[in-house]
Amino acid sequence: MVITSSSLPRLGLGMAALGRPGYINLDRSSILGTERTIDTMQSQANLVMDQLFQLSSSTALPWLDCARSYGLSEKFVGEYLRSNKIAPDDVHVSSKWGYTYVAEWNIELNDGQPHEVKDHSVENFLKQVEQTAECLGEYVDLYQVHSATFDSGILANEEVHAALSKCRRERGWKLGLSVSGPQQNDVLREAMKLKAKGENIPLFDSVQCTFNVLEQRPADALLEARESGMDIIIKEGLANGRALRHPSVLDYSEQLECSPDALALGCILAQPFSPRVLSGAVTAGQLASNFDAYKVAEKLQENDSALLEEIMASTLVATEDYWAERSALKWN
């Protein structure tokens with residue numbers, strides 16, 4: 001069975017595409033329209049969160065994943081949970097620090113202008129952890145470094161490591177890191193070596209990684225991380241919508257009588273590293289369809305992995321090509 005006895009939910013809602021007006025997912029205008037005021041996006045986020053709580057009632061705790069750079073995602077989630085009087089024990093919330101949202105609620109910016117700016121310094125951590133605490137404090141279960149890379153210096157910054165360890169001790173939040181790019185498997189392996197300051201335990205409890213039917217390079221590193229005891233979270237499971245256009249995904253979803261998105265996410269849930277997977281849905285209908293991935297994963301696991309391996313082999317894309325195409329996606 002896909003659903004385990006673990007208290008951690010296997011499917012959750014990532015707020016990257018709901019917490020701000022622009023993102024790189026394909027065809028946003030056809031789904032959200034062109035008027036995306038703060039009120040409009042918050043109302044839309046509330047509708048999808050309503051659906052999340054309905055879907056999760058029969059599986060596991062509702063899970064919401066935010067970031068400081070996902071526009072107003074922390075504000076939207078915090079206000080939703082408090083206005084609906086959701087107890088902290090009745091929801092699982094993760095967020096991230098390390099990027100600052102600078103797009104000023106614009107969908108698109110001029111060429112070369114960033115929507116978010118990375119800063120993995122201890123000063124930025126200390127500032128952003130307080131901002132997260134103000135928005136979500138009593139709800140946070142997991143706090144993650146956003147997009148750790150070798151170039152950002154986070155892996156070698158002992159001052160930040162000490163501040164992270166202190167955060168875990170004092171706030172009770174688990175610590176994680178997200179990784180992106182062609183080297184994400186190497187970054188993960190390096191992060192696994194780090195120890196909490198003054199304690200003989202791993203610095204990071206969790207990793208959030210890009211893995212999907214197209215980008216499969218991190219599979220071995222994720223299995224190593226799982227075997228070491230890390231919580232595995234998968235982001236961009238639909239490859240920002242690109243996976244839904246792959247001919248093999250369309251063919252196999254017809255064969256299995258499921259939607260293409262449920263197939264793509266089900267292929268991730270069925271992986272041997274037992275991941276938890278984030279949906280990037282922006283409508284209640286999309287989220288409901290994504291949650292059908294549970295049933296697809298069960299079918300794939302019942303087939304003794306042969307069909308899963310067949311599907312994954314037919315969709316594999318070279319990692320460098322995958323990330324080059326992703327970097328060319330337009331904010332819309």
# chains A, B, ... in the order shown; residues from 1 in each chain; ligands from 1
$ residues_around --residues "Leu72 of chain A" --least-positions-apart "2" --cutoff "6 Å" --atoms "only C-alpha atoms" --output "list in words"
Gly19, Glu74 and Lys75 of chain A
$ closest_atom_pairs --of "segment 149-246 of chain A" --to "segment 82-95 of chain A" --cutoff "10 Å" --atoms "only C-alpha atoms" --output "CSV"
residue,atom,partner,partner_atom,distance
A:Trp173,CA,A:Ser94,CA,9.2
A:Lys174,CA,A:Ser94,CA,9.1
A:Leu175,CA,A:Ser94,CA,9.6
A:Gly176,CA,A:Ser94,CA,9.3
$ select_by_dssp --residues "segment 178-260 of chain A" --states "strand (DSSP E)" --output "PDB file with N, CA, C and O atoms, in the first residue's frame"
ATOM      1  N   SER A 178      16.169  22.225   0.393  1.00  0.00           N
ATOM      2  CA  SER A 178      15.715  21.878  -0.947  1.00  0.00           C
ATOM      3  C   SER A 178      16.902  22.015  -1.882  1.00  0.00           C
ATOM      4  O   SER A 178      17.836  22.794  -1.633  1.00  0.00           O
ATOM      5  N   VAL A 179      16.888  21.224  -2.952  1.00  0.00           N
ATOM      6  CA  VAL A 179      17.986  21.227  -3.921  1.00  0.00           C
ATOM      7  C   VAL A 179      17.399  21.332  -5.321  1.00  0.00           C
ATOM      8  O   VAL A 179      16.284  20.894  -5.579  1.00  0.00           O
ATOM      9  N   SER A 206      15.559  16.345   6.481  1.00  0.00           N
ATOM     10  CA  SER A 206      14.723  16.203   5.297  1.00  0.00           C
ATOM     11  C   SER A 206      15.397  16.821   4.087  1.00  0.00           C
ATOM     12  O   SER A 206      16.213  17.741   4.217  1.00  0.00           O
ATOM     13  N   VAL A 207      15.054  16.317   2.904  1.00  0.00           N
ATOM     14  CA  VAL A 207      15.477  16.956   1.653  1.00  0.00           C
ATOM     15  C   VAL A 207      14.266  17.083   0.740  1.00  0.00           C
ATOM     16  O   VAL A 207      13.415  16.197   0.684  1.00  0.00           O
ATOM     17  N   GLN A 208      14.182  18.218   0.056  1.00  0.00           N
ATOM     18  CA  GLN A 208      13.149  18.441  -0.963  1.00  0.00           C
ATOM     19  C   GLN A 208      13.865  18.574  -2.308  1.00  0.00           C
ATOM     20  O   GLN A 208      14.677  19.476  -2.501  1.00  0.00           O
ATOM     21  N   CYS A 209      13.565  17.659  -3.217  1.00  0.00           N
ATOM     22  CA  CYS A 209      14.347  17.496  -4.437  1.00  0.00           C
ATOM     23  C   CYS A 209      13.433  17.452  -5.654  1.00  0.00           C
ATOM     24  O   CYS A 209      12.297  16.988  -5.574  1.00  0.00           O
ATOM     25  N   THR A 210      13.935  17.920  -6.793  1.00  0.00           N
ATOM     26  CA  THR A 210      13.212  17.754  -8.047  1.00  0.00           C
ATOM     27  C   THR A 210      13.474  16.360  -8.600  1.00  0.00           C
ATOM     28  O   THR A 210      14.621  15.981  -8.853  1.00  0.00           O
ATOM     29  N   ASP A 231      13.852  12.238   5.575  1.00  0.00           N
ATOM     30  CA  ASP A 231      12.520  12.371   4.992  1.00  0.00           C
ATOM     31  C   ASP A 231      12.704  12.873   3.562  1.00  0.00           C
ATOM     32  O   ASP A 231      13.384  13.875   3.335  1.00  0.00           O
ATOM     33  N   ILE A 232      12.117  12.206   2.589  1.00  0.00           N
ATOM     34  CA  ILE A 232      12.279  12.569   1.180  1.00  0.00           C
ATOM     35  C   ILE A 232      11.018  13.254   0.672  1.00  0.00           C
ATOM     36  O   ILE A 232       9.926  12.681   0.710  1.00  0.00           O
ATOM     37  N   ILE A 233      11.184  14.479   0.190  1.00  0.00           N
ATOM     38  CA  ILE A 233      10.086  15.256  -0.388  1.00  0.00           C
ATOM     39  C   ILE A 233      10.417  15.549  -1.846  1.00  0.00           C
ATOM     40  O   ILE A 233      11.538  15.942  -2.161  1.00  0.00           O
ATOM     41  N   ILE A 234       9.445  15.358  -2.713  1.00  0.00           N
ATOM     42  CA  ILE A 234       9.642  15.621  -4.131  1.00  0.00           C
ATOM     43  C   ILE A 234       8.818  16.830  -4.554  1.00  0.00           C
ATOM     44  O   ILE A 234       7.623  16.917  -4.288  1.00  0.00           O
ATOM     45  N   LYS A 235       9.499  17.760  -5.220  1.00  0.00           N
ATOM     46  CA  LYS A 235       8.849  18.939  -5.785  1.00  0.00           C
ATOM     47  C   LYS A 235       8.882  18.847  -7.311  1.00  0.00           C
ATOM     48  O   LYS A 235       9.617  18.057  -7.881  1.00  0.00           O
TER      49      LYS A 235
END
$ closest_residue --among "A:Leu64, A:Ala162, A:Leu26, A:Ala16" --to "Ala328 of chain A" --atoms "only C-alpha atoms"
A:Leu26
$ residues_around --residues "Ala297 of chain A" --least-positions-apart "2" --cutoff "7 Å" --atoms "only C-alpha atoms" --output "PyMOL selection string"
chain A and resi 2+266-267+269-270+293-295+299-301
$ write_last_selection --atoms "N, CA and C atoms" --output "CSV table (one decimal), in the first residue's frame"
chain,number,residue,atom,x,y,z
A,2,VAL,N,0.4,2.3,-0.6
A,2,VAL,CA,1.2,3.6,-0.7
A,2,VAL,C,1.0,4.3,0.7
A,266,GLY,N,1.9,9.3,-9.5
A,266,GLY,CA,1.9,8.0,-9.0
A,266,GLY,C,3.3,7.3,-9.3
A,267,CYS,N,3.9,7.6,-10.4
A,267,CYS,CA,5.2,7.0,-10.7
A,267,CYS,C,6.2,7.5,-9.6
A,269,LEU,N,5.4,8.4,-6.3
A,269,LEU,CA,5.0,7.8,-5.1
A,269,LEU,C,5.5,6.3,-5.0
A,270,ALA,N,5.5,5.7,-6.1
A,270,ALA,CA,5.9,4.2,-6.1
A,270,ALA,C,7.4,4.0,-6.1
A,293,ALA,N,-3.2,9.9,-7.6
A,293,ALA,CA,-1.9,9.3,-7.7
A,293,ALA,C,-1.7,8.2,-6.7
A,294,TYR,N,-2.4,8.2,-5.6
A,294,TYR,CA,-2.4,7.1,-4.6
A,294,TYR,C,-2.8,5.8,-5.3
A,295,LYS,N,-3.9,5.8,-6.0
A,295,LYS,CA,-4.4,4.6,-6.6
A,295,LYS,C,-3.5,4.1,-7.7
A,299,LYS,N,-1.3,0.5,-8.1
A,299,LYS,CA,-1.3,-0.4,-9.3
A,299,LYS,C,0.1,-0.7,-9.7
A,300,LEU,N,0.9,0.3,-9.7
A,300,LEU,CA,2.3,0.1,-10.2
A,300,LEU,C,3.1,-0.8,-9.3
A,301,GLN,N,2.8,-0.7,-8.0
A,301,GLN,CA,3.6,-1.5,-7.0
A,301,GLN,C,3.1,-2.9,-7.1
$ closest_atom_pairs --of "segment 201-227 of chain A" --to "segment 242-246 of chain A" --cutoff "10 Å" --atoms "only C-alpha atoms" --output "CSV"
residue,atom,partner,partner_atom,distance
A:Asn212,CA,A:Ala243,CA,8.0
A:Val213,CA,A:Ala243,CA,7.0
A:Leu214,CA,A:Ala243,CA,6.8
A:Glu215,CA,A:Ala243,CA,9.8
$ residues_around --residues "Asp119 of chain A" --least-positions-apart "6" --cutoff "12 Å" --atoms "only C-alpha atoms" --output "list of chain:residue names"
A:Arg68, A:Ser69, A:Trp97, A:Gly98, A:Tyr99, A:Thr100, A:Tyr101, A:Phe125, A:Leu126, A:Lys127, A:Gln128, A:Val145, A:His146, A:Ser147, A:Ala148, A:Thr149, A:Asp151, A:Ser152, A:Gly153, A:Ile154, A:Val160
$ residues_around --residues "Trp331 of chain A" --least-positions-apart "3" --cutoff "8 Å" --atoms "only C-alpha atoms" --output "PyMOL selection string"
chain A and resi 22-25+107-108
$ write_last_selection --atoms "C-alpha atoms" --output "PDB file, in the first residue's frame"
ATOM      1  CA  GLY A  22       3.466  34.782 -11.685  1.00  0.00           C
ATOM      2  CA  TYR A  23       5.279  31.452 -11.923  1.00  0.00           C
ATOM      3  CA  ILE A  24       6.915  29.278 -14.587  1.00  0.00           C
ATOM      4  CA  ASN A  25       4.221  26.578 -14.760  1.00  0.00           C
ATOM      5  CA  ILE A 107       3.298  38.538 -13.232  1.00  0.00           C
ATOM      6  CA  GLU A 108       6.185  39.335 -15.577  1.00  0.00           C
TER       7      GLU A 108
END
$ closest_residue --among "A:Gly33, A:Gly12, A:Pro21, A:Pro218" --to "Ala318 of chain A" --atoms "only C-alpha atoms"
A:Pro218
$ residues_around --residues "Met312 of chain A" --least-positions-apart "2" --cutoff "10 Å" --atoms "only C-alpha atoms" --output "NGL selection string"
:A and (212-216 or 248-249 or 264 or 267-268 or 307-310 or 314-317)
$ residues_around --residues "Met41 of chain A" --least-positions-apart "5" --cutoff "9 Å" --atoms "only C-alpha atoms" --output "compact mmCIF listing (two decimals) with N, CA, C and O atoms, in the first residue's frame"
# COMPACT_ATOMS: atom_id res chain seq x y z
N LEU A 18 0.48 29.42 -6.09
CA LEU A 18 -0.71 30.07 -5.53
C LEU A 18 -0.39 31.30 -4.70
O LEU A 18 -1.25 32.14 -4.49
N GLY A 19 0.83 31.41 -4.23
CA GLY A 19 1.18 32.50 -3.32
C GLY A 19 1.62 33.77 -3.99
O GLY A 19 1.87 34.78 -3.34
N ARG A 20 1.68 33.77 -5.33
CA ARG A 20 2.13 34.93 -6.09
C ARG A 20 1.47 34.89 -7.46
O ARG A 20 1.03 33.82 -7.91
N PRO A 21 1.41 36.03 -8.17
CA PRO A 21 0.66 36.04 -9.44
C PRO A 21 1.39 35.35 -10.59
O PRO A 21 0.74 34.83 -11.50
N LEU A 32 -5.88 30.69 -14.68
CA LEU A 32 -6.10 31.71 -13.67
C LEU A 32 -6.58 33.04 -14.24
O LEU A 32 -6.96 33.93 -13.47
N ARG A 36 -4.86 38.96 -11.46
CA ARG A 36 -4.43 38.18 -10.31
C ARG A 36 -4.00 39.11 -9.17
O ARG A 36 -2.83 39.22 -8.82
N ASN A 46 -7.48 29.80 -1.08
CA ASN A 46 -8.42 29.28 -0.07
C ASN A 46 -9.27 28.14 -0.64
O ASN A 46 -9.54 27.15 0.06
$ select_by_dssp --residues "segment 21-179 of chain A" --states "helix (DSSP H, G or I)" --output "JSON, numbers by chain"
{"A": [28, 29, 30, 31, 32, 38, 39, 40, 41, 42, 43, 44, 45, 46, 47, 48, 49, 50, 51, 52, 53, 54, 55, 56, 73, 74, 75, 76, 77, 78, 79, 80, 81, 82, 83, 88, 89, 90, 122, 123, 124, 125, 126, 127, 128, 129, 130, 131, 132, 133, 134, 135, 136, 137, 138, 139, 154, 155, 156, 158, 159, 160, 161, 162, 163, 164, 165, 166, 167, 168, 169, 170, 171]}
$ write_last_selection --atoms "C-alpha atoms" --output "PDB file, in the first residue's frame"
ATOM      1  CA  ARG A  28      -1.264  29.820 -16.156  1.00  0.00           C
ATOM      2  CA  SER A  29      -3.297  32.451 -17.998  1.00  0.00           C
ATOM      3  CA  SER A  30      -5.718  29.871 -19.396  1.00  0.00           C
ATOM      4  CA  ILE A  31      -6.362  28.616 -15.859  1.00  0.00           C
ATOM      5  CA  LEU A  32      -6.101  31.709 -13.667  1.00  0.00           C
ATOM      6  CA  ILE A  38      -3.728  39.755  -3.976  1.00  0.00           C
ATOM      7  CA  ASP A  39      -7.387  39.232  -3.077  1.00  0.00           C
ATOM      8  CA  THR A  40      -8.004  37.121  -6.182  1.00  0.00           C
ATOM      9  CA  MET A  41      -5.011  34.861  -5.536  1.00  0.00           C
ATOM     10  CA  GLN A  42      -5.816  34.526  -1.847  1.00  0.00           C
ATOM     11  CA  SER A  43      -9.391  33.524  -2.658  1.00  0.00           C
ATOM     12  CA  GLN A  44      -8.115  30.969  -5.152  1.00  0.00           C
ATOM     13  CA  ALA A  45      -5.620  29.627  -2.612  1.00  0.00           C
ATOM     14  CA  ASN A  46      -8.422  29.283  -0.072  1.00  0.00           C
ATOM     15  CA  LEU A  47     -10.500  27.212  -2.513  1.00  0.00           C
ATOM     16  CA  VAL A  48      -7.612  24.835  -3.131  1.00  0.00           C
ATOM     17  CA  MET A  49      -6.848  24.575   0.587  1.00  0.00           C
ATOM     18  CA  ASP A  50     -10.509  23.759   1.219  1.00  0.00           C
ATOM     19  CA  GLN A  51     -10.142  20.885  -1.226  1.00  0.00           C
ATOM     20  CA  LEU A  52      -6.908  19.755   0.415  1.00  0.00           C
ATOM     21  CA  PHE A  53      -8.606  19.399   3.791  1.00  0.00           C
ATOM     22  CA  GLN A  54     -11.482  17.470   2.245  1.00  0.00           C
ATOM     23  CA  LEU A  55      -9.155  15.091   0.383  1.00  0.00           C
ATOM     24  CA  SER A  56      -6.827  14.580   3.322  1.00  0.00           C
ATOM     25  CA  SER A  73       2.151  32.078   0.625  1.00  0.00           C
ATOM     26  CA  GLU A  74       2.958  32.108   4.347  1.00  0.00           C
ATOM     27  CA  LYS A  75       0.425  34.884   4.936  1.00  0.00           C
ATOM     28  CA  PHE A  76      -2.274  33.067   2.940  1.00  0.00           C
ATOM     29  CA  VAL A  77      -1.701  29.770   4.755  1.00  0.00           C
ATOM     30  CA  GLY A  78      -1.447  31.321   8.217  1.00  0.00           C
ATOM     31  CA  GLU A  79      -4.633  33.340   7.778  1.00  0.00           C
ATOM     32  CA  TYR A  80      -6.505  30.341   6.370  1.00  0.00           C
ATOM     33  CA  LEU A  81      -5.508  28.053   9.232  1.00  0.00           C
ATOM     34  CA  ARG A  82      -6.295  30.600  11.939  1.00  0.00           C
ATOM     35  CA  SER A  83      -9.583  31.799  10.426  1.00  0.00           C
ATOM     36  CA  PRO A  88      -1.503  22.880  14.852  1.00  0.00           C
ATOM     37  CA  ASP A  89      -1.748  19.142  15.465  1.00  0.00           C
ATOM     38  CA  ASP A  90      -4.336  18.843  12.680  1.00  0.00           C
ATOM     39  CA  VAL A 122      23.103  33.909   8.772  1.00  0.00           C
ATOM     40  CA  GLU A 123      21.733  37.458   8.840  1.00  0.00           C
ATOM     41  CA  ASN A 124      19.085  36.574   6.289  1.00  0.00           C
ATOM     42  CA  PHE A 125      18.205  33.367   8.110  1.00  0.00           C
ATOM     43  CA  LEU A 126      17.717  35.227  11.392  1.00  0.00           C
ATOM     44  CA  LYS A 127      15.512  37.792   9.649  1.00  0.00           C
ATOM     45  CA  GLN A 128      13.432  35.305   7.689  1.00  0.00           C
ATOM     46  CA  VAL A 129      12.914  32.824  10.508  1.00  0.00           C
ATOM     47  CA  GLU A 130      11.236  35.621  12.473  1.00  0.00           C
ATOM     48  CA  GLN A 131       9.079  36.532   9.467  1.00  0.00           C
ATOM     49  CA  THR A 132       8.010  32.909   9.099  1.00  0.00           C
ATOM     50  CA  ALA A 133       7.291  32.676  12.812  1.00  0.00           C
ATOM     51  CA  GLU A 134       5.063  35.750  12.603  1.00  0.00           C
ATOM     52  CA  CYS A 135       3.035  34.286   9.726  1.00  0.00           C
ATOM     53  CA  LEU A 136       3.004  30.614  10.652  1.00  0.00           C
ATOM     54  CA  GLY A 137       4.825  30.165  13.955  1.00  0.00           C
ATOM     55  CA  GLU A 138       2.660  27.694  15.856  1.00  0.00           C
ATOM     56  CA  TYR A 139       2.040  25.621  12.712  1.00  0.00           C
ATOM     57  CA  ILE A 154      25.384  27.208   2.749  1.00  0.00           C
ATOM     58  CA  LEU A 155      27.077  23.812   3.000  1.00  0.00           C
ATOM     59  CA  ALA A 156      30.298  25.280   4.392  1.00  0.00           C
ATOM     60  CA  GLU A 158      29.219  26.879  10.125  1.00  0.00           C
ATOM     61  CA  GLU A 159      27.658  30.070  11.473  1.00  0.00           C
ATOM     62  CA  VAL A 160      24.455  29.252   9.620  1.00  0.00           C
ATOM     63  CA  HIS A 161      24.669  25.611  10.726  1.00  0.00           C
ATOM     64  CA  ALA A 162      24.846  26.747  14.344  1.00  0.00           C
ATOM     65  CA  ALA A 163      21.837  29.044  13.880  1.00  0.00           C
ATOM     66  CA  LEU A 164      19.874  26.221  12.271  1.00  0.00           C
ATOM     67  CA  SER A 165      20.702  23.839  15.104  1.00  0.00           C
ATOM     68  CA  LYS A 166      19.608  26.441  17.647  1.00  0.00           C
ATOM     69  CA  CYS A 167      16.336  26.912  15.753  1.00  0.00           C
ATOM     70  CA  ARG A 168      15.611  23.190  15.933  1.00  0.00           C
ATOM     71  CA  ARG A 169      16.406  23.026  19.653  1.00  0.00           C
ATOM     72  CA  GLU A 170      14.457  26.129  20.646  1.00  0.00           C
ATOM     73  CA  ARG A 171      11.494  26.058  18.263  1.00  0.00           C
TER      74      ARG A 171
END
